[in-house]
Amino acid sequence: MPGTVLLLAASPLGRGRLVDAASVLPVLAAVPPSVLSGADTANVVELADPLEPQAVLTRLRAAAAAPGPLTVYVAGELRLDRRQRLPHLALARTTPATVRYTALPWHWFRDELRLRPAGATTLFLDLHADADTWRALCEPPVPGRPFPLDCGRDAAVYGRVAPPPSRRGVAAPAYMKALATLLRSGRRLPDEELHQRTLARIAPEGVGADLVLAQRGPLPGDPHAAVTAAVRAGRHAEADALAARLEQAAGLAHGTVSEEALHWSEVRADLAMLAGDAARSCRAWMALAGTRLAAGQPADAPAVEAAVDRAHHQWGLVDDPVRVRELGVQLVELRSRVPGRREGAVEHVRRRLRVVQGRGAMPAGHVRTDPPQGATTMP
């Protein structure tokens with residue numbers, strides 16, 4: 001099966017940028033697609049200093065939906081938004097004051113990769129952080145809170161995050177250039193060996209202060225792989241039953257509102273979507289949002305926004321008038337508390353409810369089904 005490769009190099013234009021990310025693309029572009037992907041053949045998508053986060057999201061979503069192995073190469077710089085202090089990949093128009101609106105939220109990577117088969121996704125990252133972001137990345141881990149650059153437990157992640165430069169000037173993506181140079185030999189080494197050889201090449205440049213990223217893919221026996229296998233075989237009821245048992249076990253071990261238990265609740269909501277049961281998926285996402293809110297999580301927390309956004313998306317696919325009304329009334333109340341990143345979400349629900357009450361259900365294809373992205377994990 002052919003592979004897919006996404007090459008993304010992004011940094012703000014003009015003064016203040018930390019790294020000339022796009023300078024690595026000519027080196028990567030000289031590598032044969034099959035070597036970039038590790039597959040016999042591959043489709044390559046290249047994004048050089050993109051302007052809009054939604055445009056990057058569209059390409060990322062398409063790459064994540066492609067069958068076969070996916071390899072993502074990202075070079076760029078990280079900034080925190082001032083409102084939620086979440087890491088974003090800075091794009092061409094990003095400034096310190098506009099991070100939330102002009103940069104790519106890092107958790108979108110996790111969101112879009114969550115439905116991919118276990119072990120089919122690899123990311124190589126060469127990132128530079130400003131001082132504020134670097135401090136956030138170096139904070140001691142908090143139990144139950146994912147690492148800020150988490151890409152999901154089913155993806156392998158290798159690379160480094162460089163600290164702020166000690167002097168003025170624009171850095172080079174040294175890790176990614178060394179990686180590309182190794183790949184240009186024409187032989188694709190195992191990912192972990194490739195990563196270690198790349199680190200060895202840039203060690204003389206004084207990268208000892210870097211934050212090294214090395215997350216292997218899922219190991220054999222991982223329950224996520226078992227759930228994924230059942231879904232791919234069309235055994236949706238079996239997949240949900242397994243996820244339900246894992247959800248119960250996580251609740252007993254860590255508490256019913258722990259991230260471990262809520263993770264499996266999210267998996268079950270996604271499983272309902274994959275089984276074609278939009279109403280059940282919508283109901284599950286709304287219940288998840290309610291649980292997180294009742295546990296004290298703020299309305300603009302990524303996981304809360306994600307749950308409501310996905311409930312809204314699934315509700316838009318329901319065409320039975322009775323279920324549209326039943327779920328829509330609950331969604332209006334929830335949307336009033338969690339409006340999300342896009343304007344008009346509450347009015348969108350109310351408008352469709354008025355149509356349903358007046359003339360029957362609005363066809364599912366006529367509703368907005370592309371809500372903002374949030375945090376979730378699915379095998």
# chains A, B, ... in the order shown; residues from 1 in each chain; ligands from 1
call {"tool": "residues_around", "arguments": {"residues": "Thr4 of chain A", "least_positions_apart": "5", "cutoff": "6 Å", "atoms": "only C-alpha atoms", "output": "count of residues only"}}
result
3
call {"tool": "atom_distance", "arguments": {"atom1": "atom CA of Leu317 of chain A", "atom2": "atom CA of Arg245 of chain A"}}
result
27.8 Å
call {"tool": "residues_around", "arguments": {"residues": "segment 173-189 of chain A", "least_positions_apart": "6", "cutoff": "8 Å", "atoms": "only C-alpha atoms", "output": "PDB file with N, CA, C and O atoms, in the first residue's frame"}}
result
ATOM      1  N   VAL A  19      13.726  30.568  13.601  1.00  0.00           N
ATOM      2  CA  VAL A  19      14.362  29.582  12.746  1.00  0.00           C
ATOM      3  C   VAL A  19      13.902  29.768  11.311  1.00  0.00           C
ATOM      4  O   VAL A  19      12.744  30.131  11.061  1.00  0.00           O
ATOM      5  N   ASP A  20      14.803  29.551  10.380  1.00  0.00           N
ATOM      6  CA  ASP A  20      14.457  29.565   8.961  1.00  0.00           C
ATOM      7  C   ASP A  20      14.017  28.151   8.584  1.00  0.00           C
ATOM      8  O   ASP A  20      14.772  27.369   7.994  1.00  0.00           O
ATOM      9  N   ALA A  21      12.786  27.825   8.924  1.00  0.00           N
ATOM     10  CA  ALA A  21      12.323  26.448   8.794  1.00  0.00           C
ATOM     11  C   ALA A  21      12.294  25.979   7.352  1.00  0.00           C
ATOM     12  O   ALA A  21      12.665  24.836   7.045  1.00  0.00           O
ATOM     13  N   SER A  23      14.118  26.470   4.952  1.00  0.00           N
ATOM     14  CA  SER A  23      15.402  26.186   4.311  1.00  0.00           C
ATOM     15  C   SER A  23      15.696  24.696   4.227  1.00  0.00           C
ATOM     16  O   SER A  23      16.557  24.272   3.462  1.00  0.00           O
ATOM     17  N   VAL A  24      14.974  23.879   4.992  1.00  0.00           N
ATOM     18  CA  VAL A  24      15.227  22.443   4.960  1.00  0.00           C
ATOM     19  C   VAL A  24      14.458  21.754   3.839  1.00  0.00           C
ATOM     20  O   VAL A  24      14.790  20.620   3.462  1.00  0.00           O
ATOM     21  N   VAL A  27      16.317  20.197   0.790  1.00  0.00           N
ATOM     22  CA  VAL A  27      17.079  18.997   1.135  1.00  0.00           C
ATOM     23  C   VAL A  27      16.139  17.792   1.248  1.00  0.00           C
ATOM     24  O   VAL A  27      16.416  16.701   0.744  1.00  0.00           O
ATOM     25  N   LEU A  28      14.992  18.004   1.901  1.00  0.00           N
ATOM     26  CA  LEU A  28      14.021  16.919   2.014  1.00  0.00           C
ATOM     27  C   LEU A  28      13.435  16.542   0.656  1.00  0.00           C
ATOM     28  O   LEU A  28      13.197  15.364   0.370  1.00  0.00           O
ATOM     29  N   ALA A  30      14.815  16.478  -2.087  1.00  0.00           N
ATOM     30  CA  ALA A  30      15.766  15.698  -2.881  1.00  0.00           C
ATOM     31  C   ALA A  30      15.780  14.226  -2.489  1.00  0.00           C
ATOM     32  O   ALA A  30      16.425  13.414  -3.160  1.00  0.00           O
ATOM     33  N   VAL A  31      15.084  13.876  -1.417  1.00  0.00           N
ATOM     34  CA  VAL A  31      15.024  12.481  -0.970  1.00  0.00           C
ATOM     35  C   VAL A  31      13.913  11.765  -1.729  1.00  0.00           C
ATOM     36  O   VAL A  31      12.802  12.281  -1.835  1.00  0.00           O
ATOM     37  N   PRO A  32      14.149  10.585  -2.268  1.00  0.00           N
ATOM     38  CA  PRO A  32      13.088   9.843  -2.958  1.00  0.00           C
ATOM     39  C   PRO A  32      11.881   9.624  -2.046  1.00  0.00           C
ATOM     40  O   PRO A  32      12.042   9.334  -0.851  1.00  0.00           O
ATOM     41  N   VAL A  35      11.890   6.610   0.211  1.00  0.00           N
ATOM     42  CA  VAL A  35      12.783   6.668   1.365  1.00  0.00           C
ATOM     43  C   VAL A  35      12.177   7.543   2.457  1.00  0.00           C
ATOM     44  O   VAL A  35      12.277   7.241   3.647  1.00  0.00           O
ATOM     45  N   LEU A  36      11.551   8.631   2.061  1.00  0.00           N
ATOM     46  CA  LEU A  36      10.882   9.490   3.046  1.00  0.00           C
ATOM     47  C   LEU A  36       9.811   8.736   3.822  1.00  0.00           C
ATOM     48  O   LEU A  36       9.613   8.957   5.017  1.00  0.00           O
ATOM     49  N   GLY A  38       9.353   5.158   3.772  1.00  0.00           N
ATOM     50  CA  GLY A  38       9.630   3.793   4.175  1.00  0.00           C
ATOM     51  C   GLY A  38       8.743   2.782   3.475  1.00  0.00           C
ATOM     52  O   GLY A  38       8.751   1.594   3.814  1.00  0.00           O
ATOM     53  N   ALA A  75       9.188  21.121  10.701  1.00  0.00           N
ATOM     54  CA  ALA A  75      10.243  22.034  11.153  1.00  0.00           C
ATOM     55  C   ALA A  75       9.591  23.386  11.402  1.00  0.00           C
ATOM     56  O   ALA A  75       8.807  23.859  10.584  1.00  0.00           O
ATOM     57  N   GLY A  76       9.917  23.998  12.527  1.00  0.00           N
ATOM     58  CA  GLY A  76       9.300  25.290  12.819  1.00  0.00           C
ATOM     59  C   GLY A  76       9.557  25.740  14.230  1.00  0.00           C
ATOM     60  O   GLY A  76      10.491  25.272  14.893  1.00  0.00           O
ATOM     61  N   PHE A 124       8.630  13.142  12.616  1.00  0.00           N
ATOM     62  CA  PHE A 124       9.970  13.640  12.896  1.00  0.00           C
ATOM     63  C   PHE A 124       9.854  15.151  13.073  1.00  0.00           C
ATOM     64  O   PHE A 124       9.360  15.852  12.178  1.00  0.00           O
ATOM     65  N   LEU A 125      10.297  15.653  14.221  1.00  0.00           N
ATOM     66  CA  LEU A 125      10.074  17.047  14.585  1.00  0.00           C
ATOM     67  C   LEU A 125      11.395  17.755  14.850  1.00  0.00           C
ATOM     68  O   LEU A 125      12.259  17.232  15.564  1.00  0.00           O
ATOM     69  N   ASP A 126      11.537  18.948  14.296  1.00  0.00           N
ATOM     70  CA  ASP A 126      12.669  19.820  14.595  1.00  0.00           C
ATOM     71  C   ASP A 126      12.083  21.186  14.934  1.00  0.00           C
ATOM     72  O   ASP A 126      11.763  21.978  14.050  1.00  0.00           O
ATOM     73  N   LEU A 127      11.934  21.451  16.226  1.00  0.00           N
ATOM     74  CA  LEU A 127      11.198  22.623  16.679  1.00  0.00           C
ATOM     75  C   LEU A 127      12.090  23.519  17.531  1.00  0.00           C
ATOM     76  O   LEU A 127      12.951  23.038  18.278  1.00  0.00           O
ATOM     77  N   GLY A 159      12.648  13.397  17.418  1.00  0.00           N
ATOM     78  CA  GLY A 159      13.113  14.735  17.075  1.00  0.00           C
ATOM     79  C   GLY A 159      13.659  15.470  18.266  1.00  0.00           C
ATOM     80  O   GLY A 159      14.093  14.866  19.258  1.00  0.00           O
ATOM     81  N   ARG A 160      13.599  16.804  18.193  1.00  0.00           N
ATOM     82  CA  ARG A 160      14.109  17.626  19.296  1.00  0.00           C
ATOM     83  C   ARG A 160      13.396  18.966  19.307  1.00  0.00           C
ATOM     84  O   ARG A 160      12.864  19.433  18.298  1.00  0.00           O
ATOM     85  N   HIS A 195      16.976   8.267  14.091  1.00  0.00           N
ATOM     86  CA  HIS A 195      16.925   9.352  15.075  1.00  0.00           C
ATOM     87  C   HIS A 195      18.247   9.476  15.824  1.00  0.00           C
ATOM     88  O   HIS A 195      18.793  10.581  15.978  1.00  0.00           O
ATOM     89  N   THR A 198      20.992  10.857  13.682  1.00  0.00           N
ATOM     90  CA  THR A 198      20.789  12.293  13.449  1.00  0.00           C
ATOM     91  C   THR A 198      21.269  13.099  14.644  1.00  0.00           C
ATOM     92  O   THR A 198      21.959  14.118  14.485  1.00  0.00           O
ATOM     93  N   LEU A 199      20.938  12.663  15.845  1.00  0.00           N
ATOM     94  CA  LEU A 199      21.411  13.354  17.048  1.00  0.00           C
ATOM     95  C   LEU A 199      22.932  13.360  17.115  1.00  0.00           C
ATOM     96  O   LEU A 199      23.545  14.362  17.511  1.00  0.00           O
ATOM     97  N   ARG A 201      24.980  13.400  14.663  1.00  0.00           N
ATOM     98  CA  ARG A 201      25.525  14.337  13.676  1.00  0.00           C
ATOM     99  C   ARG A 201      25.484  15.778  14.148  1.00  0.00           C
ATOM    100  O   ARG A 201      26.354  16.576  13.794  1.00  0.00           O
ATOM    101  N   ILE A 202      24.477  16.142  14.926  1.00  0.00           N
ATOM    102  CA  ILE A 202      24.362  17.544  15.343  1.00  0.00           C
ATOM    103  C   ILE A 202      24.934  17.774  16.733  1.00  0.00           C
ATOM    104  O   ILE A 202      24.960  18.913  17.209  1.00  0.00           O
TER     105      ILE A 202
END
call {"tool": "select_by_dssp", "arguments": {"residues": "segment 182-256 of chain A", "states": "helix (DSSP H, G or I)", "output": "ChimeraX atom specification"}}
result
/A:182-183,191-205,223-232,236-254
call {"tool": "residues_around", "arguments": {"residues": "segment 350-359 of chain A", "least_positions_apart": "6", "cutoff": "9 Å", "atoms": "only C-alpha atoms", "output": "PDB file with C-alpha atoms, in the first residue's frame"}}
result
ATOM      1  CA  PRO A 321     -36.394  14.248  13.216  1.00  0.00           C
ATOM      2  CA  VAL A 322     -37.157  12.825  16.661  1.00  0.00           C
ATOM      3  CA  VAL A 324     -32.505  15.627  15.933  1.00  0.00           C
ATOM      4  CA  ARG A 325     -34.922  17.414  18.296  1.00  0.00           C
ATOM      5  CA  GLY A 328     -30.520  19.326  19.626  1.00  0.00           C
ATOM      6  CA  VAL A 329     -32.224  20.606  22.784  1.00  0.00           C
ATOM      7  CA  VAL A 332     -28.211  24.101  22.611  1.00  0.00           C
ATOM      8  CA  VAL A 367     -25.391  21.421   8.032  1.00  0.00           C
TER       9      VAL A 367
END
call {"tool": "residues_around", "arguments": {"residues": "segment 111-117 of chain A", "least_positions_apart": "6", "cutoff": "12 Å", "atoms": "only C-alpha atoms", "output": "ChimeraX atom specification"}}
result
/A:56-72,105,123,150-156,217-218,224-232,263,266-267,269-271,273-274,302-303,306-307,309-310,372-379
call {"tool": "closest_residue", "arguments": {"among": "A:Leu293, A:Ala131, A:Pro146, A:Arg235", "to": "Pro165 of chain A", "atoms": "only C-alpha atoms"}}
result
A:Ala131
call {"tool": "select_by_dssp", "arguments": {"residues": "segment 44-174 of chain A", "states": "strand (DSSP E or B)", "output": "VMD selection string"}}
result
chain A and resid 44 to 48 70 to 80 87 to 89 104 to 105 121 to 129 155 to 162 171
call {"tool": "write_last_selection", "arguments": {"atoms": "C-alpha atoms", "output": "compact mmCIF listing (two decimals), in the first residue's frame"}}
result
# COMPACT_ATOMS: atom_id res chain seq x y z
CA VAL A 44 4.35 13.68 -0.88
CA VAL A 45 2.59 16.88 0.23
CA GLU A 46 4.80 19.92 0.89
CA LEU A 47 3.77 23.01 2.86
CA ALA A 48 6.29 25.86 2.92
CA LEU A 70 1.98 8.18 7.17
CA THR A 71 5.21 10.03 7.90
CA VAL A 72 5.09 13.68 8.97
CA TYR A 73 8.16 15.93 8.98
CA VAL A 74 7.69 19.22 10.85
CA ALA A 75 10.24 22.03 11.15
CA GLY A 76 9.30 25.29 12.82
CA GLU A 77 8.88 27.19 16.05
CA LEU A 78 6.55 26.96 18.99
CA ARG A 79 4.63 29.77 20.66
CA LEU A 80 2.07 29.85 23.48
CA PRO A 87 1.60 25.38 22.34
CA HIS A 88 1.02 26.38 18.71
CA LEU A 89 3.13 25.95 15.60
CA LEU A 104 -1.69 25.97 14.36
CA PRO A 105 -2.72 24.55 17.78
CA THR A 121 2.12 6.96 11.91
CA THR A 122 5.58 8.44 12.47
CA LEU A 123 6.52 12.07 13.12
CA PHE A 124 9.97 13.64 12.90
CA LEU A 125 10.07 17.05 14.58
CA ASP A 126 12.67 19.82 14.59
CA LEU A 127 11.20 22.62 16.68
CA HIS A 128 12.53 25.81 18.28
CA ALA A 129 10.78 27.34 21.29
CA ALA A 155 2.10 7.50 16.82
CA ALA A 156 5.89 7.20 16.95
CA VAL A 157 7.56 10.60 17.53
CA TYR A 158 11.25 11.44 17.13
CA GLY A 159 13.11 14.73 17.08
CA ARG A 160 14.11 17.63 19.30
CA VAL A 161 12.96 20.97 20.64
CA ALA A 162 15.73 23.58 20.79
CA ALA A 171 18.70 29.46 13.65
call {"tool": "atom_distance", "arguments": {"atom1": "atom CA of His107 of chain A", "atom2": "atom CA of Pro26 of chain A"}}
result
27.5 Å
call {"tool": "atom_distance", "arguments": {"atom1": "atom CA of Arg335 of chain A", "atom2": "atom CA of Gly251 of chain A"}}
result
27.2 Å
call {"tool": "closest_residue", "arguments": {"among": "A:Gln314, A:Thr94, A:Ser258, A:Ser11", "to": "Ala284 of chain A", "atoms": "only C-alpha atoms"}}
result
A:Gln314
call {"tool": "closest_residue", "arguments": {"among": "A:Glu52, A:Ala311, A:Val170, A:Gln84", "to": "Gly14 of chain A", "atoms": "only C-alpha atoms"}}
result
A:Val170
